[in-house]
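Novice: The structure is given below, and queries will be raised subsequently.
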Amino acid sequence: MDGGNVTDLLPLDLSSAFDMVNHKILLHTLQSLGIECGPLGLEDGTIPDESISTSSSLAGRGRLNGRAWVPQSNAIGPWFEVDLGESTVVSGLITQGHESLNWRVTGYKVKYKKMSSSDYEHVKDNNGAIQEFEGNIEDTETPVINMFDQNIMAAVVRIEPAAVINEVALRLELLGCHIN
């Protein structure tokens, strides 16, 4: 009860409506309301190791400016996944290659789940085609920023390397806004 009035909270899944809004206006509005937008917490450790899973490798690797995730060399279809714990606005990501070897991902695709129990969907371009992003073409150290054509609402984000130089090696940070 609030000041004599009864207030009910009705949880809503707005992920479908999210697909129909102008995302630049939405991000501006979220920022004007004091909602933090920017790195989502891989580099600084806000996202814990337990929220990172991979097709194969050591836990805790793959963070921007840290030690690279390098899957086993015989791994088929390697992937790096981050569980954000809740539906989060994700707008892009930053990548780097290996910290000391000339190994790097030069192209990748991104899949996501709107909720942990949802099916995977690919990030798509403005024409509805699955988007393949350009990774670290020039070197392993320079952070490469890729923004999605359309922001996504995601609880889980999976990066799937599609092209490499020498071996798969990836360090990354997700970009977006926490809305809760």
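The chains in the structure tokens are called A, B, ... from first to last as shown; in each chain the residues are counted from 1, and the ligands are counted from 1 in the order shown.
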Quick one: which range 125-174 of chain A residues come within 12 Å of range 72-89 of chain A, and what is the nearest atom pair for each with the distance in Å to one decimal, counting only C-alpha atoms, rows ordered by chain and ascending number, as CSV?

Specialist:
```
residue,atom,partner,partner_atom,distance
A:Phe148,CA,A:Val89,CA,11.2
A:Gln150,CA,A:Val89,CA,10.3
A:Asn151,CA,A:Val89,CA,6.6
A:Ile152,CA,A:Val89,CA,5.7
A:Met153,CA,A:Val89,CA,4.7
A:Ala154,CA,A:Ser87,CA,5.0
A:Ala155,CA,A:Ser87,CA,4.3
A:Val156,CA,A:Asp83,CA,4.5
A:Val157,CA,A:Val82,CA,5.3
A:Arg158,CA,A:Glu81,CA,4.2
A:Ile159,CA,A:Phe80,CA,5.2
A:Glu160,CA,A:Trp79,CA,4.7
A:Pro161,CA,A:Trp79,CA,6.8
A:Ala162,CA,A:Gly77,CA,8.6
A:Ala163,CA,A:Gly77,CA,11.1
A:Val164,CA,A:Pro78,CA,11.6
A:Asn166,CA,A:Ser73,CA,10.5
A:Glu167,CA,A:Ser73,CA,7.5
A:Val168,CA,A:Ser73,CA,8.2
A:Ala169,CA,A:Gln72,CA,10.4
A:Leu170,CA,A:Phe80,CA,8.7
A:Arg171,CA,A:Phe80,CA,9.8
A:Leu172,CA,A:Phe80,CA,9.7
A:Glu173,CA,A:Val82,CA,10.0
A:Leu174,CA,A:Val82,CA,9.0
```

Novice: Can you write just those residues out, N, CA, C and O atoms, as a compact mmCIF listing (two decimals), in the first residue's frame?

Specialist:
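Once written, result13.txt looks like this:
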```txt
# COMPACT_ATOMS: atom_id res chain seq x y z
N PHE A 148 26.49 -3.47 -32.70
CA PHE A 148 25.45 -4.16 -33.44
C PHE A 148 24.60 -3.13 -34.18
O PHE A 148 24.42 -2.02 -33.70
N GLN A 150 21.45 -3.35 -34.46
CA GLN A 150 20.33 -3.21 -33.54
C GLN A 150 20.75 -3.77 -32.19
O GLN A 150 21.30 -4.87 -32.13
N ASN A 151 20.53 -3.02 -31.12
CA ASN A 151 20.81 -3.53 -29.79
C ASN A 151 19.96 -4.78 -29.55
O ASN A 151 18.91 -4.94 -30.16
N ILE A 152 20.43 -5.61 -28.64
CA ILE A 152 19.67 -6.80 -28.29
C ILE A 152 19.39 -6.80 -26.79
O ILE A 152 20.10 -6.17 -26.02
N MET A 153 18.32 -7.49 -26.41
CA MET A 153 18.07 -7.78 -25.00
C MET A 153 18.54 -9.21 -24.81
O MET A 153 18.02 -10.12 -25.47
N ALA A 154 19.52 -9.42 -23.94
CA ALA A 154 20.10 -10.75 -23.80
C ALA A 154 20.43 -11.06 -22.35
O ALA A 154 20.88 -10.19 -21.61
N ALA A 155 20.20 -12.31 -21.98
CA ALA A 155 20.66 -12.82 -20.69
C ALA A 155 21.94 -13.61 -20.89
O ALA A 155 22.75 -13.73 -19.98
N VAL A 156 22.13 -14.15 -22.09
CA VAL A 156 23.32 -14.95 -22.43
C VAL A 156 23.82 -14.48 -23.79
O VAL A 156 23.03 -14.30 -24.71
N VAL A 157 25.14 -14.28 -23.90
CA VAL A 157 25.76 -13.88 -25.17
C VAL A 157 26.86 -14.89 -25.50
O VAL A 157 27.69 -15.20 -24.65
N ARG A 158 26.85 -15.39 -26.73
CA ARG A 158 27.85 -16.37 -27.17
C ARG A 158 28.57 -15.83 -28.41
O ARG A 158 27.94 -15.43 -29.37
N ILE A 159 29.91 -15.87 -28.38
CA ILE A 159 30.73 -15.45 -29.50
C ILE A 159 31.27 -16.71 -30.17
O ILE A 159 31.83 -17.59 -29.50
N GLU A 160 31.10 -16.78 -31.49
CA GLU A 160 31.55 -17.94 -32.27
C GLU A 160 32.57 -17.49 -33.31
O GLU A 160 32.20 -16.86 -34.31
N PRO A 161 33.86 -17.78 -33.08
CA PRO A 161 34.88 -17.41 -34.07
C PRO A 161 34.58 -18.04 -35.42
O PRO A 161 34.20 -19.21 -35.51
N ALA A 162 34.75 -17.25 -36.49
CA ALA A 162 34.48 -17.73 -37.84
C ALA A 162 35.73 -17.68 -38.72
O ALA A 162 35.80 -18.37 -39.72
N ALA A 163 36.71 -16.84 -38.34
CA ALA A 163 37.96 -16.72 -39.10
C ALA A 163 39.07 -16.34 -38.12
O ALA A 163 38.83 -15.58 -37.17
N VAL A 164 40.27 -16.89 -38.36
CA VAL A 164 41.38 -16.64 -37.43
C VAL A 164 42.69 -16.46 -38.19
O VAL A 164 42.80 -16.83 -39.36
N ASN A 166 46.35 -17.91 -37.48
CA ASN A 166 47.10 -18.93 -36.74
C ASN A 166 46.22 -19.79 -35.86
O ASN A 166 45.94 -20.92 -36.20
N GLU A 167 45.75 -19.31 -34.73
CA GLU A 167 44.89 -20.08 -33.81
C GLU A 167 43.82 -19.15 -33.24
O GLU A 167 44.00 -17.93 -33.21
N VAL A 168 42.74 -19.73 -32.73
CA VAL A 168 41.71 -18.95 -32.05
C VAL A 168 42.30 -18.43 -30.73
O VAL A 168 42.81 -19.22 -29.93
N ALA A 169 42.26 -17.14 -30.54
CA ALA A 169 42.65 -16.51 -29.27
C ALA A 169 41.80 -15.25 -29.16
O ALA A 169 41.74 -14.45 -30.09
N LEU A 170 41.13 -15.08 -28.02
CA LEU A 170 40.17 -14.00 -27.90
C LEU A 170 40.16 -13.43 -26.49
O LEU A 170 40.18 -14.16 -25.50
N ARG A 171 40.15 -12.10 -26.44
CA ARG A 171 39.89 -11.35 -25.21
C ARG A 171 38.78 -10.36 -25.57
O ARG A 171 38.80 -9.79 -26.65
N LEU A 172 37.82 -10.16 -24.67
CA LEU A 172 36.70 -9.31 -25.06
C LEU A 172 36.03 -8.63 -23.88
O LEU A 172 36.24 -8.98 -22.72
N GLU A 173 35.22 -7.65 -24.22
CA GLU A 173 34.33 -6.95 -23.30
C GLU A 173 33.01 -6.73 -24.02
O GLU A 173 32.99 -6.41 -25.21
N LEU A 174 31.92 -6.95 -23.32
CA LEU A 174 30.58 -6.67 -23.86
C LEU A 174 30.23 -5.22 -23.53
O LEU A 174 30.56 -4.71 -22.46
```

Novice: Would you please give, as a PyMOL selection string, all residues of range 14-163 of chain A that DSSP assigns to alpha helix (DSSP H) based on the backbone?

Specialist: chain A and resi 15-18+23-32

Novice: Excluding Gly92 in chain A and any residue of its chain fewer than 5 positions from it, enumerate the residues within 6 Å of it, using only C-alpha atoms, and give them as a ChimeraX atom specification.

Specialist: /A:146-148,175

Novice: Keeping only N, CA and C atoms, write those residues as a PDB file, in the first residue's frame.

Specialist:
```
ATOM      1  N   ASN A 146      33.066  -3.282 -32.154  1.00  0.00           N
ATOM      2  CA  ASN A 146      31.988  -3.549 -33.107  1.00  0.00           C
ATOM      3  C   ASN A 146      30.653  -3.309 -32.411  1.00  0.00           C
ATOM      4  N   MET A 147      29.854  -2.421 -32.974  1.00  0.00           N
ATOM      5  CA  MET A 147      28.517  -2.160 -32.452  1.00  0.00           C
ATOM      6  C   MET A 147      27.510  -2.898 -33.327  1.00  0.00           C
ATOM      7  N   PHE A 148      26.492  -3.466 -32.697  1.00  0.00           N
ATOM      8  CA  PHE A 148      25.447  -4.158 -33.438  1.00  0.00           C
ATOM      9  C   PHE A 148      24.597  -3.130 -34.181  1.00  0.00           C
ATOM     10  N   LEU A 175      29.507  -4.568 -24.435  1.00  0.00           N
ATOM     11  CA  LEU A 175      29.050  -3.195 -24.248  1.00  0.00           C
ATOM     12  C   LEU A 175      27.530  -3.173 -24.185  1.00  0.00           C
TER      13      LEU A 175
END
```

Novice: Any idea what's packed within 7 Å of Gln96 in chain A, counting only C-alpha atoms, ignoring anything in its chain fewer than 3 positions away? Could you give it as a list in words?

Specialist: Leu64, Asn136, Thr140, Glu141, Thr142, Pro143, Val144, Leu170, Arg171 and Leu172 of chain A

Novice: Can you write out the residues you just picked, keeping C-alpha atoms, as a compact mmCIF listing (two decimals), in the first residue's frame?

Specialist:
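Resulting contents of out_4.txt:
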```
# COMPACT_ATOMS: atom_id res chain seq x y z
CA LEU A 64 39.76 -7.64 -22.35
CA ASN A 136 41.45 -8.17 -34.98
CA THR A 140 46.45 -8.76 -31.45
CA GLU A 141 46.65 -5.82 -29.02
CA THR A 142 44.56 -3.02 -30.52
CA PRO A 143 41.01 -3.20 -29.14
CA VAL A 144 38.50 -3.49 -32.00
CA LEU A 170 40.17 -14.00 -27.90
CA ARG A 171 39.89 -11.35 -25.21
CA LEU A 172 36.70 -9.31 -25.06
```

Novice: Between A:Cys37, A:Glu121, A:Asn102, A:Asn65, which is the closest to Ile179 in chain A once you count only C-alpha atoms?

Specialist: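 The closest residue to Ile179 in chain A is A:Cys37.
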
Novice: Just list as an NGL selection string whatever in range 42-143 of chain A DSSP marks as strand (DSSP E or B).

Specialist: :A and (52-54 or 63 or 69 or 80-96 or 104-113 or 121-122 or 124 or 130 or 132-134)

Novice: Residues near Leu42 in chain A, anyone? I mean within 6 Å using only C-alpha atoms, not counting same-chain ones fewer than 3 positions away, as a PyMOL selection string.

Specialist: chain A and resi 45+47+63+173

Novice: Just give me the gap between CA of Val123 in chain A and CA of Glu99 in chain A in Å, one decimal is fine.

Specialist: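 Spanning CA of Val123 in chain A to CA of Glu99 in chain A is a straight-line distance of 27.2 Å.
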
Novice: Here is a test: counting only C-alpha atoms, which residue of A:Arg61, A:Arg67, A:His178, A:Arg104 is nearest to Asp139 in chain A?

Specialist: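 Of the candidates, the smallest distance to Asp139 in chain A is held by A:Arg104.
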
Novice: So the first atom is CA of Ser118 in chain A and the second is CA of Val90 in chain A; what is the distance between them in Å, to one decimal place?

Specialist: 16.2 Å
